[in-house]
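The structure appears right after this line, and notes come after that.
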Amino acid sequence: MEHARHVVRVVLLVMVVLAVAFLARGFLVPRSYGMYGPYRYDNVREQMNVRRPAHAGPAACEQCHPDEATARKAGVHRNVSCEVCHGPFAAHVKEDGSVVTPTVDRSYTLCARCHRKVDGRPAGFPQVVLEEHVSGPVEGKVCLGCHNPHSPKL
Ligand code: HEC
Ligand code: HEC
Ligand code: HEC
Ligand code: HEC
C-alpha cells in the first residue's frame, strides 16, 4: 500500500500535465490551423490581401478610355483583353492613382502573334500569310495602316 501511493501521485501528475497541455494547445494553436491541412488557413487570405492583382480586365479601362472601350466592344476584338496588347493594369495605374504611360506596341509582330498563318491554329481562326496579305515589306506599323487595332474588321 505504501508503494501504491507513489504510483497514484505519478498518475495524477501525468494527468494534470496532460490536461494543462491540452488546454494550452487550445489557446496557442491558431483557429484556422488544420482546416484544410497542416497550415494556418487564414494566412492564405492575409497574403492575398496584401498583394495587388496585376491584371484587372477590360472593365477597369473604360472610365478613362471610353473611346477605345466602345470601339472594342462593338468590334471583332470584343473578346481580346486590352491588357493582352497594352500590358497589365497594375503597371499602368499605380495604387496611389498615379499613371505611368505605357509604351504602345505598334509593330506588326503584335498582330502576327495571333494572326500569322500557322498550321497548328484552328482552321476557322482568322489568319493571314503576312507576305501575301501585305503589299510591300512586312515591317513596322504596317498593319495599322489599314486596320484599327480596337476594331480591326474592314
Ligand atoms: C485612372 C485612369 C486610367 C485608367 C483606369 C486606365 N488608364 Fe490608360 N491612361 C491614362 C492616362 C492619364 C494616360 C496618359 C495619357 C497621355 O500620356 O497622354 C493613359 C495612357 C494609356 C495608353 C497610352 C496612350 C498613348 O498615347 O501612348 C494606353 C495604351 C492605355 N492608357 C491603356 C490602358 C488600358 C489598357 C487600361 C486598362 C487595363 C487603362 N489604360 C486604364 C489613364 C488611365
Ligand atoms: C489587339 C491589340 C489591342 C487591344 C485588344 C487593345 N488595344 Fe489599344 N492600341 C493598340 C495599338 C496597336 C494601338 C496604337 C494605335 C495607333 O497608333 O494607331 C493602341 C492605342 C491605344 C491607345 C492610345 C490611343 C492613341 O491614339 O494614342 C489607348 C488609350 C488604348 N489603345 C487603350 C485601349 C483600351 C482601353 C483597350 C481595351 C478596351 C485597348 N486599347 C485594346 C492595340 C490594342
Ligand atoms: C491576343 C490575340 C490577338 C491579337 C494580338 C490580335 N488579334 Fe485580331 N483577332 C483576335 C481574335 C480572337 C479575333 C476574333 C476571331 C473570331 O471572331 O473568330 C480577331 C479578329 C481580327 C480580325 C477580323 C477577322 C475577320 O474578318 O473576322 C482582324 C482583321 C484582326 N483581328 C486584325 C488584327 C490586327 C491588325 C491586330 C494587331 C493590331 C490584331 N488583330 C491583334 C485575336 C487577336
Ligand atoms: C493594305 C491594307 C491592309 C494591310 C496593310 C493589312 N491588312 Fe489585313 N486585311 C485587309 C483587308 C482589305 C482585309 C479583308 C477585309 C476584312 O476581313 O476585314 C483584311 C483581313 C485581315 C484579316 C482577316 C482574314 C480572314 O481570314 O478573315 C486578318 C487576320 C488581317 N487582315 C490581319 C492583318 C495583319 C496581321 C496585318 C499586318 C501584318 C494586316 N492585316 C495588314 C487589308 C489590310
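We label chains A, B, ... in the order they appear in the C-alpha cells, count residues from 1 in each chain, and number ligands from 1 in the order shown.
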
Near-ligand residues for ligand 3, threshold 9 Å, only C-alpha atoms and all ligand atoms, as a PyMOL selection string: chain A and resi 75-81+84-85+105-115+124-127+141-154

Interface rows for chain A against ligand 1: nearest pair, Å to one decimal, 10 Å, only C-alpha atoms and all ligand atoms, as JSON lines:
{"residue": "A:Ala54", "atom": "CA", "partner": "ligand 1", "partner_atom_place_in_ligand_line": "38 (C)", "distance": 9.5}
{"residue": "A:His55", "atom": "CA", "partner": "ligand 1", "partner_atom_place_in_ligand_line": "38 (C)", "distance": 7.1}
{"residue": "A:Ala56", "atom": "CA", "partner": "ligand 1", "partner_atom_place_in_ligand_line": "38 (C)", "distance": 6.3}
{"residue": "A:Gly57", "atom": "CA", "partner": "ligand 1", "partner_atom_place_in_ligand_line": "38 (C)", "distance": 6.3}
{"residue": "A:Pro58", "atom": "CA", "partner": "ligand 1", "partner_atom_place_in_ligand_line": "37 (C)", "distance": 5.8}
{"residue": "A:Ala59", "atom": "CA", "partner": "ligand 1", "partner_atom_place_in_ligand_line": "37 (C)", "distance": 7.4}
{"residue": "A:Ala60", "atom": "CA", "partner": "ligand 1", "partner_atom_place_in_ligand_line": "37 (C)", "distance": 5.3}
{"residue": "A:Cys61", "atom": "CA", "partner": "ligand 1", "partner_atom_place_in_ligand_line": "37 (C)", "distance": 3.5}
{"residue": "A:Glu62", "atom": "CA", "partner": "ligand 1", "partner_atom_place_in_ligand_line": "5 (C)", "distance": 6.9}
{"residue": "A:Gln63", "atom": "CA", "partner": "ligand 1", "partner_atom_place_in_ligand_line": "5 (C)", "distance": 6.2}
{"residue": "A:Cys64", "atom": "CA", "partner": "ligand 1", "partner_atom_place_in_ligand_line": "2 (C)", "distance": 4.5}
{"residue": "A:His65", "atom": "CA", "partner": "ligand 1", "partner_atom_place_in_ligand_line": "7 (N)", "distance": 6.4}
{"residue": "A:Pro66", "atom": "CA", "partner": "ligand 1", "partner_atom_place_in_ligand_line": "6 (C)", "distance": 9.8}
{"residue": "A:Glu68", "atom": "CA", "partner": "ligand 1", "partner_atom_place_in_ligand_line": "32 (C)", "distance": 8.8}
{"residue": "A:Ala69", "atom": "CA", "partner": "ligand 1", "partner_atom_place_in_ligand_line": "35 (C)", "distance": 9.0}
{"residue": "A:Ser81", "atom": "CA", "partner": "ligand 1", "partner_atom_place_in_ligand_line": "35 (C)", "distance": 8.1}
{"residue": "A:Cys82", "atom": "CA", "partner": "ligand 1", "partner_atom_place_in_ligand_line": "35 (C)", "distance": 4.5}
{"residue": "A:Glu83", "atom": "CA", "partner": "ligand 1", "partner_atom_place_in_ligand_line": "35 (C)", "distance": 5.1}
{"residue": "A:Val84", "atom": "CA", "partner": "ligand 1", "partner_atom_place_in_ligand_line": "35 (C)", "distance": 8.3}
{"residue": "A:Cys85", "atom": "CA", "partner": "ligand 1", "partner_atom_place_in_ligand_line": "35 (C)", "distance": 7.5}
{"residue": "A:His86", "atom": "CA", "partner": "ligand 1", "partner_atom_place_in_ligand_line": "35 (C)", "distance": 5.2}
{"residue": "A:Gly87", "atom": "CA", "partner": "ligand 1", "partner_atom_place_in_ligand_line": "35 (C)", "distance": 6.9}
{"residue": "A:Pro88", "atom": "CA", "partner": "ligand 1", "partner_atom_place_in_ligand_line": "38 (C)", "distance": 6.1}
{"residue": "A:Phe89", "atom": "CA", "partner": "ligand 1", "partner_atom_place_in_ligand_line": "38 (C)", "distance": 4.1}
{"residue": "A:Ala90", "atom": "CA", "partner": "ligand 1", "partner_atom_place_in_ligand_line": "38 (C)", "distance": 7.9}
{"residue": "A:Ala91", "atom": "CA", "partner": "ligand 1", "partner_atom_place_in_ligand_line": "38 (C)", "distance": 9.0}
{"residue": "A:His92", "atom": "CA", "partner": "ligand 1", "partner_atom_place_in_ligand_line": "8 (Fe)", "distance": 6.6}
{"residue": "A:Val93", "atom": "CA", "partner": "ligand 1", "partner_atom_place_in_ligand_line": "4 (C)", "distance": 6.1}
{"residue": "A:Lys94", "atom": "CA", "partner": "ligand 1", "partner_atom_place_in_ligand_line": "1 (C)", "distance": 8.9}
{"residue": "A:Gly97", "atom": "CA", "partner": "ligand 1", "partner_atom_place_in_ligand_line": "1 (C)", "distance": 6.4}
{"residue": "A:Ser98", "atom": "CA", "partner": "ligand 1", "partner_atom_place_in_ligand_line": "1 (C)", "distance": 7.6}
{"residue": "A:Val99", "atom": "CA", "partner": "ligand 1", "partner_atom_place_in_ligand_line": "12 (C)", "distance": 5.8}
{"residue": "A:Val100", "atom": "CA", "partner": "ligand 1", "partner_atom_place_in_ligand_line": "14 (C)", "distance": 7.2}
{"residue": "A:Thr101", "atom": "CA", "partner": "ligand 1", "partner_atom_place_in_ligand_line": "20 (C)", "distance": 4.8}
{"residue": "A:Pro102", "atom": "CA", "partner": "ligand 1", "partner_atom_place_in_ligand_line": "23 (C)", "distance": 5.2}
{"residue": "A:Thr103", "atom": "CA", "partner": "ligand 1", "partner_atom_place_in_ligand_line": "27 (O)", "distance": 6.0}
{"residue": "A:Val104", "atom": "CA", "partner": "ligand 1", "partner_atom_place_in_ligand_line": "29 (C)", "distance": 5.5}
{"residue": "A:Asp105", "atom": "CA", "partner": "ligand 1", "partner_atom_place_in_ligand_line": "29 (C)", "distance": 8.6}

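Atom 7 (N, counted along the ligand's line) of ligand 4 is found 17.2 Å from atom CA of Val118 of chain A.
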
Every residue of chain A that DSSP places in alpha helix (DSSP H), as a ChimeraX atom specification: /A:2-28,42-50,59-62,66-74,82-86,89-92,108-115,130-133

Within 8 Å of Leu130 of chain A using only C-alpha atoms, minus same-chain residues under 2 positions, as a ChimeraX atom specification: /A:112,116-117,128,132-134,138

Residue list (strand (DSSP E or B), DSSP) for segment 12-101 of chain A, as a PyMOL selection string: chain A and resi 33+40+93+99

Using only C-alpha atoms and all ligand atoms: which of A:Arg72, A:Arg5, A:Arg40, A:Arg45 has the shortest distance to ligand 2: A:Arg72

Which polymer residues have any atom within 10 Å of an atom of Tyr33 of chain A, counting only C-alpha atoms, with same-chain residues fewer than 6 positions away left out, as a tab-separated table (two decimals) with N, CA and C atoms, in the first residue's frame?
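Below you can see part10.tsv, which holds the result:
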chain	number	residue	atom	x	y	z
A	39	TYR	N	-1.50	23.62	-42.00
A	39	TYR	CA	-1.03	25.01	-42.08
A	39	TYR	C	-2.16	25.92	-41.63
A	40	ARG	N	-1.82	27.19	-41.38
A	40	ARG	CA	-2.83	28.14	-40.90
A	40	ARG	C	-3.55	28.73	-42.12
A	41	TYR	N	-4.81	28.37	-42.28
A	41	TYR	CA	-5.53	28.77	-43.48
A	41	TYR	C	-5.69	30.29	-43.59
A	42	ASP	N	-5.88	30.99	-42.48
A	42	ASP	CA	-6.04	32.45	-42.52
A	42	ASP	C	-4.85	33.13	-43.20
A	43	ASN	N	-3.69	32.48	-43.15
A	43	ASN	CA	-2.51	33.07	-43.79
A	43	ASN	C	-2.71	33.23	-45.29

Point-to-point distance in Å for atom CA of Gln47 of chain A and atom CA of Ser32 of chain A: 14.5 Å
